Every structure is written in structure tokens, then in C-alpha cells.
Amino acid sequence: MANATQVLQELVGMSRSLGRPERDLVILGEGNTSALCDDSTFWVKASGTQLATIKESDFVRLWLRPIRELLDKGDLSDQEVKEAFEAAKVDPSSAKRPSVETVLHALALSTAGAKFVGHTHPTAVNALLCSTKVEEAIAGRLFPDEIVVCGPAPAYVPYTDPGLPLARAVHKALLRYMDEWGMPPKVILMQNHGMIALGNSAKEVDSVTAMYEKTCRILLGTFAFGGPHFLSEEHVMRIFTRPDEAYRRRELKLE
Ligand SMILES: [Zn+2]
């Protein structure tokens, strides 16, 4: 695996790309990103920083295990969570405060096996996630590239209070998804909140985010012409398992 500095440089590049204003994925301090350094530590964005202008010193390196263990610790106060984050810093002298969604990142990097993670609030995705018919609207797949890049389905999490409760809800959704599909998702959707893209590389996170944002713009457009026409389950699985599409995924560095 690449060393911690190299991972951090890739993470900075990915974060700035996701933060580019013309992409409309985040504004101000929205969104957060992370990456696995090695088997036991990860980088996560510090609270209060902006993706568009983020730099290496805006990330904190944490031990993965104590963060993951917070899931099983029952109800913790905000102060207790803050102290646990402090105690998990690889460099205890770092003054940066890890993102409020740090536990969620740790899950994506462990349970779901991602190497890079990008959480954003794209306008097109949130238009959908803030609608009354969201579950109906995301029930099917729309076009082959959506499936090739974003997988056979997104995982979906009903609205939950950010922080530890949301991390627990995402954990449950991840386990359910992996049980159903036999693989982790590429996209996790959080109702009234935003999306998470999971990747084996920084490039994959960027591609998954871009393609899912496009999927939502298309989906929104379908409602002007009678609603979405979903591909059949058979067609979805055919695209997902076709050898030429697997080749395309590799070429796109999605595997
Ligand atoms: Zn968020």
C-alpha cells in the first residue's frame, strides 16, 4: 500500500476536485472525505474546513479501531465523542478536530472495505433525497453507465441525527446491503442529507460521485415526461456481469 503521505496527497487532490464550485456538490464547509493510510490508521477531514481549498494540514490521522468501537459503546454525549476522537489521534499534539462524521468514514473504510471515501451534498442528489417520493424514485436503475460506475443499487438510510446515531444507521444499512448483494455498495444515500461515494481509489470516488450526480439529474428530468422508466432486473444484472463492462470498469480504474 502507498505510504501515508502519498495517500494524503491523493486525498487532497480528490477533495479539491469534489469541492470545485462549478460541480455543485458542496458549498462552504459542506462535505468531508477520508482515506485509509494502512491497516490501522486513516486520514479524515478536520471540522470547519472547505473542500475546494483544503490542504494536507486540514486532515487528521486517526487510529481506526477505537473509532469503530464507538459503535458498540451505547449512547455517548457529544463531549464523550469529542474526547474519544481526541484519544484516537495518531499525533496527540494535533490541534485539528476530526469531522463530526468521522465514525461514518471509519465504517466505510472498514466494514465496506473502501480505500477512499467522499461525502457530499450535491444539489441534484439532495433534491431527490429531500422529496416525499425518494424511495420510489431510487427503486430502479436508469442507464448502463450508472450501473457500471455506481454498482447495481445504492444503499439507502432514512433520516437520522448526524454523528454516532447516523453512523449506526449506516452500519446497519451496509450490513443489510452486503447480505443482499454479496458486495459493499459504491453509493450510500442518506435521506434529507446527502451521498457517500466509496472507492478503491481517489479517482473512483470522484467518478462515482460524478456519475451518481448525473443519474439524479436524469432522474429529476424523467419526472417531466411521466416518471422514470427503469431497466429490468435482468438487464441490470446483465450489464453488471458482462465481461466487456468489467473491462471498462478496470479501464476507468473503478476496480
Ligand atoms: Zn453531510
# chains A, B, ... in the order shown; residues from 1 in each chain; ligands from 1

call {"tool": "residues_near_ligand", "arguments": {"ligand": "ligand 1", "cutoff": "6 Å", "atoms": "only C-alpha atoms and all ligand atoms", "output": "PyMOL selection string"}}
result
chain A and resi 31+193-194

call {"tool": "write_last_selection", "arguments": {"atoms": "N, CA and C atoms", "output": "JSON list (two decimals), in the first residue's frame"}}
result
[["chain", "number", "residue", "atom", "x", "y", "z"],
["A", 31, "GLY", "N", -19.55, 18.73, 3.32],
["A", 31, "GLY", "CA", -18.87, 17.54, 2.82],
["A", 31, "GLY", "C", -17.64, 17.20, 3.63],
["A", 193, "HIS", "N", -30.12, 14.47, 3.54],
["A", 193, "HIS", "CA", -28.75, 14.80, 3.93],
["A", 193, "HIS", "C", -27.77, 14.82, 2.75],
["A", 194, "GLY", "N", -27.49, 13.68, 2.16],
["A", 194, "GLY", "CA", -26.50, 13.68, 1.08],
["A", 194, "GLY", "C", -26.04, 12.28, 0.73]]

call {"tool": "select_by_dssp", "arguments": {"residues": "region 12-214 of chain A", "states": "strand (DSSP E or B)", "output": "PyMOL selection string"}}
result
chain A and resi 32-36+41-46+59-63+89+98+116-120+155-157+187-190+194-199

call {"tool": "write_last_selection", "arguments": {"atoms": "N, CA and C atoms", "output": "mmCIF file, in the first residue's frame"}}
result
data_model
loop_
_atom_site.group_PDB
_atom_site.id
_atom_site.type_symbol
_atom_site.label_atom_id
_atom_site.label_comp_id
_atom_site.auth_asym_id
_atom_site.auth_seq_id
_atom_site.Cartn_x
_atom_site.Cartn_y
_atom_site.Cartn_z
ATOM 1 N N ASN A 32 -17.253 15.928 3.565
ATOM 2 C CA ASN A 32 -15.996 15.515 4.191
ATOM 3 C C ASN A 32 -15.469 14.264 3.485
ATOM 4 N N THR A 33 -14.174 14.059 3.627
ATOM 5 C CA THR A 33 -13.512 12.992 2.878
ATOM 6 C C THR A 33 -12.540 12.249 3.794
ATOM 7 N N SER A 34 -12.163 11.050 3.374
ATOM 8 C CA SER A 34 -11.219 10.270 4.175
ATOM 9 C C SER A 34 -10.504 9.258 3.288
ATOM 10 N N ALA A 35 -9.439 8.689 3.814
ATOM 11 C CA ALA A 35 -8.714 7.634 3.108
ATOM 12 C C ALA A 35 -7.958 6.781 4.115
ATOM 13 N N LEU A 36 -7.823 5.507 3.756
ATOM 14 C CA LEU A 36 -7.092 4.562 4.595
ATOM 15 C C LEU A 36 -5.588 4.784 4.407
ATOM 16 N N THR A 41 -4.738 2.822 10.509
ATOM 17 C CA THR A 41 -4.969 4.269 10.629
ATOM 18 C C THR A 41 -5.597 4.850 9.359
ATOM 19 N N PHE A 42 -6.242 6.011 9.500
ATOM 20 C CA PHE A 42 -6.840 6.688 8.328
ATOM 21 C C PHE A 42 -6.770 8.205 8.494
ATOM 22 N N TRP A 43 -6.836 8.888 7.350
ATOM 23 C CA TRP A 43 -6.914 10.345 7.332
ATOM 24 C C TRP A 43 -8.375 10.750 7.226
ATOM 25 N N VAL A 44 -8.793 11.766 7.954
ATOM 26 C CA VAL A 44 -10.156 12.297 7.788
ATOM 27 C C VAL A 44 -10.089 13.822 7.844
ATOM 28 N N LYS A 45 -10.999 14.446 7.117
ATOM 29 C CA LYS A 45 -11.038 15.914 7.063
ATOM 30 C C LYS A 45 -11.333 16.491 8.452
ATOM 31 N N ALA A 46 -10.662 17.595 8.765
ATOM 32 C CA ALA A 46 -10.943 18.273 10.033
ATOM 33 C C ALA A 46 -12.209 19.108 9.887
ATOM 34 N N PHE A 59 -6.209 17.771 7.398
ATOM 35 C CA PHE A 59 -6.643 16.396 7.687
ATOM 36 C C PHE A 59 -6.018 15.912 8.995
ATOM 37 N N VAL A 60 -6.705 15.010 9.662
ATOM 38 C CA VAL A 60 -6.214 14.426 10.915
ATOM 39 C C VAL A 60 -6.047 12.927 10.699
ATOM 40 N N ARG A 61 -4.965 12.376 11.256
ATOM 41 C CA ARG A 61 -4.764 10.923 11.147
ATOM 42 C C ARG A 61 -5.217 10.278 12.446
ATOM 43 N N LEU A 62 -6.084 9.268 12.315
ATOM 44 C CA LEU A 62 -6.669 8.617 13.497
ATOM 45 C C LEU A 62 -6.451 7.114 13.459
ATOM 46 N N TRP A 63 -6.472 6.512 14.647
ATOM 47 C CA TRP A 63 -6.473 5.049 14.748
ATOM 48 C C TRP A 63 -7.876 4.560 14.425
ATOM 49 N N LYS A 89 -6.253 10.170 18.053
ATOM 50 C CA LYS A 89 -5.311 10.840 17.146
ATOM 51 C C LYS A 89 -3.953 10.135 17.151
ATOM 52 N N PRO A 98 -11.398 16.315 14.325
ATOM 53 C CA PRO A 98 -11.907 15.483 13.228
ATOM 54 C C PRO A 98 -13.378 15.788 12.927
ATOM 55 N N PHE A 116 -10.851 4.952 -0.277
ATOM 56 C CA PHE A 116 -11.122 6.396 -0.265
ATOM 57 C C PHE A 116 -12.632 6.599 -0.137
ATOM 58 N N VAL A 117 -13.026 7.682 0.548
ATOM 59 C CA VAL A 117 -14.448 7.949 0.777
ATOM 60 C C VAL A 117 -14.709 9.441 0.575
ATOM 61 N N GLY A 118 -15.793 9.760 -0.134
ATOM 62 C CA GLY A 118 -16.169 11.165 -0.319
ATOM 63 C C GLY A 118 -17.629 11.368 0.019
ATOM 64 N N HIS A 119 -17.900 12.232 0.986
ATOM 65 C CA HIS A 119 -19.289 12.529 1.362
ATOM 66 C C HIS A 119 -19.610 13.954 0.913
ATOM 67 N N THR A 120 -20.649 14.089 0.084
ATOM 68 C CA THR A 120 -21.018 15.407 -0.451
ATOM 69 C C THR A 120 -22.532 15.627 -0.346
ATOM 70 N N ALA A 155 -27.135 2.020 -1.489
ATOM 71 C CA ALA A 155 -27.693 1.692 -0.170
ATOM 72 C C ALA A 155 -28.429 2.944 0.306
ATOM 73 N N TYR A 156 -29.513 2.747 1.052
ATOM 74 C CA TYR A 156 -30.342 3.883 1.449
ATOM 75 C C TYR A 156 -30.536 3.907 2.967
ATOM 76 N N VAL A 157 -30.390 5.086 3.558
ATOM 77 C CA VAL A 157 -30.523 5.234 5.012
ATOM 78 C C VAL A 157 -31.549 6.331 5.310
ATOM 79 N N VAL A 187 -22.409 3.534 -3.562
ATOM 80 C CA VAL A 187 -23.108 4.771 -3.173
ATOM 81 C C VAL A 187 -23.987 4.494 -1.955
ATOM 82 N N ILE A 188 -23.883 5.361 -0.957
ATOM 83 C CA ILE A 188 -24.813 5.319 0.179
ATOM 84 C C ILE A 188 -25.578 6.632 0.153
ATOM 85 N N LEU A 189 -26.926 6.531 0.181
ATOM 86 C CA LEU A 189 -27.770 7.733 0.175
ATOM 87 C C LEU A 189 -28.354 7.929 1.560
ATOM 88 N N MET A 190 -28.246 9.145 2.064
ATOM 89 C CA MET A 190 -28.798 9.448 3.383
ATOM 90 C C MET A 190 -29.923 10.456 3.214
ATOM 91 N N GLY A 194 -27.486 13.680 2.162
ATOM 92 C CA GLY A 194 -26.503 13.681 1.082
ATOM 93 C C GLY A 194 -26.040 12.283 0.729
ATOM 94 N N MET A 195 -24.971 12.212 -0.071
ATOM 95 C CA MET A 195 -24.479 10.905 -0.529
ATOM 96 C C MET A 195 -23.051 10.639 -0.060
ATOM 97 N N ILE A 196 -22.696 9.350 -0.056
ATOM 98 C CA ILE A 196 -21.319 8.945 0.222
ATOM 99 C C ILE A 196 -20.876 8.076 -0.948
ATOM 100 N N ALA A 197 -19.717 8.400 -1.518
ATOM 101 C CA ALA A 197 -19.143 7.565 -2.575
ATOM 102 C C ALA A 197 -17.987 6.782 -1.975
ATOM 103 N N LEU A 198 -17.960 5.460 -2.262
ATOM 104 C CA LEU A 198 -16.904 4.595 -1.730
ATOM 105 C C LEU A 198 -16.054 4.100 -2.883
ATOM 106 N N GLY A 199 -14.737 4.136 -2.732
ATOM 107 C CA GLY A 199 -13.894 3.718 -3.844
ATOM 108 C C GLY A 199 -12.644 2.994 -3.421
#

call {"tool": "closest_residue", "arguments": {"among": "A:Gln9, A:Arg141, A:Glu101, A:Thr209", "to": "Asp24 (chain A)", "atoms": "only C-alpha atoms"}}
result
A:Thr209

call {"tool": "atom_distance", "arguments": {"atom1": "CA of Thr222 (chain A)", "atom2": "CA of Ile147 (chain A)"}}
result
17.6 Å

call {"tool": "closest_residue", "arguments": {"among": "A:Lys82, A:Leu71, A:Glu234, A:Glu204", "to": "Ala169 (chain A)", "atoms": "only C-alpha atoms"}}
result
A:Leu71

call {"tool": "residues_around", "arguments": {"residues": "Ile54 (chain A)", "least_positions_apart": "4", "cutoff": "10 Å", "atoms": "only C-alpha atoms", "output": "PDB file with C-alpha atoms, in the first residue's frame"}}
result
ATOM      1  CA  LEU A  11      -6.886  12.649  -0.740  1.00  0.00           C
ATOM      2  CA  VAL A  12      -6.192  16.393  -1.019  1.00  0.00           C
ATOM      3  CA  GLY A  13      -6.467  16.200  -4.818  1.00  0.00           C
ATOM      4  CA  SER A  15     -11.201  16.631  -2.031  1.00  0.00           C
ATOM      5  CA  ARG A  16     -10.369  19.746  -4.057  1.00  0.00           C
ATOM      6  CA  GLY A  19     -15.123  20.932  -3.920  1.00  0.00           C
ATOM      7  CA  LYS A  45     -11.038  15.914   7.063  1.00  0.00           C
ATOM      8  CA  ALA A  46     -10.943  18.273  10.033  1.00  0.00           C
ATOM      9  CA  THR A  49     -12.512  23.310   6.517  1.00  0.00           C
ATOM     10  CA  GLN A  50     -13.627  23.782   2.905  1.00  0.00           C
ATOM     11  CA  ASP A  58      -6.513  20.170   7.189  1.00  0.00           C
ATOM     12  CA  PHE A  59      -6.643  16.396   7.687  1.00  0.00           C
TER      13      PHE A  59
END

call {"tool": "closest_residue", "arguments": {"among": "A:Leu175, A:Leu18, A:Cys37, A:Ala124", "to": "Asn3 (chain A)", "atoms": "only C-alpha atoms"}}
result
A:Cys37

call {"tool": "closest_residue", "arguments": {"among": "A:Leu107, A:Ser93, A:Leu220, A:Phe143", "to": "Ser131 (chain A)", "atoms": "only C-alpha atoms"}}
result
A:Leu220

call {"tool": "atom_distance", "arguments": {"atom1": "CA of Met183 (chain A)", "atom2": "CA of Thr241 (chain A)"}}
result
13.2 Å

call {"tool": "closest_residue", "arguments": {"among": "A:Pro21, A:His121, A:Leu64, A:Gly226", "to": "Asp38 (chain A)", "atoms": "only C-alpha atoms"}}
result
A:Leu64

call {"tool": "decode", "arguments": {"residues": "region 54-86 of chain A", "atoms": "N, CA and C atoms", "output": "mmCIF file, in the first residue's frame"}}
result
data_model
loop_
_atom_site.group_PDB
_atom_site.id
_atom_site.type_symbol
_atom_site.label_atom_id
_atom_site.label_comp_id
_atom_site.auth_asym_id
_atom_site.auth_seq_id
_atom_site.Cartn_x
_atom_site.Cartn_y
_atom_site.Cartn_z
ATOM 1 N N ILE A 54 -8.860 22.878 0.431
ATOM 2 C CA ILE A 54 -8.278 22.076 1.510
ATOM 3 C C ILE A 54 -6.789 21.774 1.255
ATOM 4 N N LYS A 55 -6.025 21.663 2.334
ATOM 5 C CA LYS A 55 -4.599 21.324 2.203
ATOM 6 C C LYS A 55 -4.257 20.182 3.160
ATOM 7 N N GLU A 56 -3.041 19.678 3.026
ATOM 8 C CA GLU A 56 -2.663 18.486 3.798
ATOM 9 C C GLU A 56 -2.876 18.663 5.299
ATOM 10 N N SER A 57 -2.573 19.881 5.786
ATOM 11 C CA SER A 57 -2.674 20.101 7.240
ATOM 12 C C SER A 57 -4.131 20.188 7.722
ATOM 13 N N ASP A 58 -5.099 20.140 6.793
ATOM 14 C CA ASP A 58 -6.513 20.170 7.189
ATOM 15 C C ASP A 58 -7.073 18.765 7.426
ATOM 16 N N PHE A 59 -6.209 17.771 7.398
ATOM 17 C CA PHE A 59 -6.643 16.396 7.687
ATOM 18 C C PHE A 59 -6.018 15.912 8.995
ATOM 19 N N VAL A 60 -6.705 15.010 9.662
ATOM 20 C CA VAL A 60 -6.214 14.426 10.915
ATOM 21 C C VAL A 60 -6.047 12.927 10.699
ATOM 22 N N ARG A 61 -4.965 12.376 11.256
ATOM 23 C CA ARG A 61 -4.764 10.923 11.147
ATOM 24 C C ARG A 61 -5.217 10.278 12.446
ATOM 25 N N LEU A 62 -6.084 9.268 12.315
ATOM 26 C CA LEU A 62 -6.669 8.617 13.497
ATOM 27 C C LEU A 62 -6.451 7.114 13.459
ATOM 28 N N TRP A 63 -6.472 6.512 14.647
ATOM 29 C CA TRP A 63 -6.473 5.049 14.748
ATOM 30 C C TRP A 63 -7.876 4.560 14.425
ATOM 31 N N LEU A 64 -7.950 3.553 13.573
ATOM 32 C CA LEU A 64 -9.244 3.061 13.102
ATOM 33 C C LEU A 64 -10.039 2.328 14.198
ATOM 34 N N ARG A 65 -9.346 1.475 14.951
ATOM 35 C CA ARG A 65 -10.086 0.595 15.863
ATOM 36 C C ARG A 65 -10.872 1.333 16.952
ATOM 37 N N PRO A 66 -10.250 2.287 17.681
ATOM 38 C CA PRO A 66 -11.035 2.971 18.729
ATOM 39 C C PRO A 66 -12.226 3.754 18.162
ATOM 40 N N ILE A 67 -12.111 4.239 16.932
ATOM 41 C CA ILE A 67 -13.234 4.973 16.329
ATOM 42 C C ILE A 67 -14.369 3.999 16.013
ATOM 43 N N ARG A 68 -14.006 2.869 15.431
ATOM 44 C CA ARG A 68 -15.005 1.833 15.112
ATOM 45 C C ARG A 68 -15.717 1.334 16.371
ATOM 46 N N GLU A 69 -14.945 1.214 17.443
ATOM 47 C CA GLU A 69 -15.517 0.665 18.683
ATOM 48 C C GLU A 69 -16.578 1.583 19.295
ATOM 49 N N LEU A 70 -16.606 2.850 18.875
ATOM 50 C CA LEU A 70 -17.630 3.767 19.389
ATOM 51 C C LEU A 70 -19.039 3.286 19.046
ATOM 52 N N LEU A 71 -19.139 2.505 17.965
ATOM 53 C CA LEU A 71 -20.436 1.973 17.529
ATOM 54 C C LEU A 71 -21.103 1.133 18.618
ATOM 55 N N ASP A 72 -20.271 0.436 19.382
ATOM 56 C CA ASP A 72 -20.806 -0.510 20.375
ATOM 57 C C ASP A 72 -20.867 0.090 21.768
ATOM 58 N N LYS A 73 -20.622 1.374 21.878
ATOM 59 C CA LYS A 73 -20.497 1.956 23.213
ATOM 60 C C LYS A 73 -21.778 2.550 23.787
ATOM 61 N N GLY A 74 -22.912 2.273 23.202
ATOM 62 C CA GLY A 74 -24.164 2.818 23.729
ATOM 63 C C GLY A 74 -24.266 4.301 23.457
ATOM 64 N N ASP A 75 -25.134 4.989 24.197
ATOM 65 C CA ASP A 75 -25.328 6.417 23.953
ATOM 66 C C ASP A 75 -24.200 7.220 24.588
ATOM 67 N N LEU A 76 -23.476 7.959 23.773
ATOM 68 C CA LEU A 76 -22.403 8.809 24.280
ATOM 69 C C LEU A 76 -22.813 10.264 24.094
ATOM 70 N N SER A 77 -22.416 11.107 25.032
ATOM 71 C CA SER A 77 -22.698 12.538 24.884
ATOM 72 C C SER A 77 -21.754 13.112 23.831
ATOM 73 N N ASP A 78 -22.077 14.316 23.323
ATOM 74 C CA ASP A 78 -21.211 14.968 22.337
ATOM 75 C C ASP A 78 -19.800 15.120 22.903
ATOM 76 N N GLN A 79 -19.733 15.431 24.195
ATOM 77 C CA GLN A 79 -18.434 15.624 24.851
ATOM 78 C C GLN A 79 -17.630 14.317 24.869
ATOM 79 N N GLU A 80 -18.316 13.210 25.159
ATOM 80 C CA GLU A 80 -17.626 11.906 25.202
ATOM 81 C C GLU A 80 -17.099 11.509 23.813
ATOM 82 N N VAL A 81 -17.903 11.820 22.785
ATOM 83 C CA VAL A 81 -17.465 11.516 21.416
ATOM 84 C C VAL A 81 -16.236 12.355 21.086
ATOM 85 N N LYS A 82 -16.293 13.629 21.469
ATOM 86 C CA LYS A 82 -15.171 14.530 21.211
ATOM 87 C C LYS A 82 -13.889 14.012 21.880
ATOM 88 N N GLU A 83 -14.033 13.555 23.113
ATOM 89 C CA GLU A 83 -12.869 13.036 23.846
ATOM 90 C C GLU A 83 -12.335 11.763 23.199
ATOM 91 N N ALA A 84 -13.249 10.926 22.714
ATOM 92 C CA ALA A 84 -12.827 9.682 22.052
ATOM 93 C C ALA A 84 -12.062 10.007 20.765
ATOM 94 N N PHE A 85 -12.514 11.026 20.028
ATOM 95 C CA PHE A 85 -11.810 11.446 18.808
ATOM 96 C C PHE A 85 -10.401 11.934 19.170
ATOM 97 N N GLU A 86 -10.319 12.722 20.227
ATOM 98 C CA GLU A 86 -9.015 13.249 20.675
ATOM 99 C C GLU A 86 -8.063 12.101 20.983
#
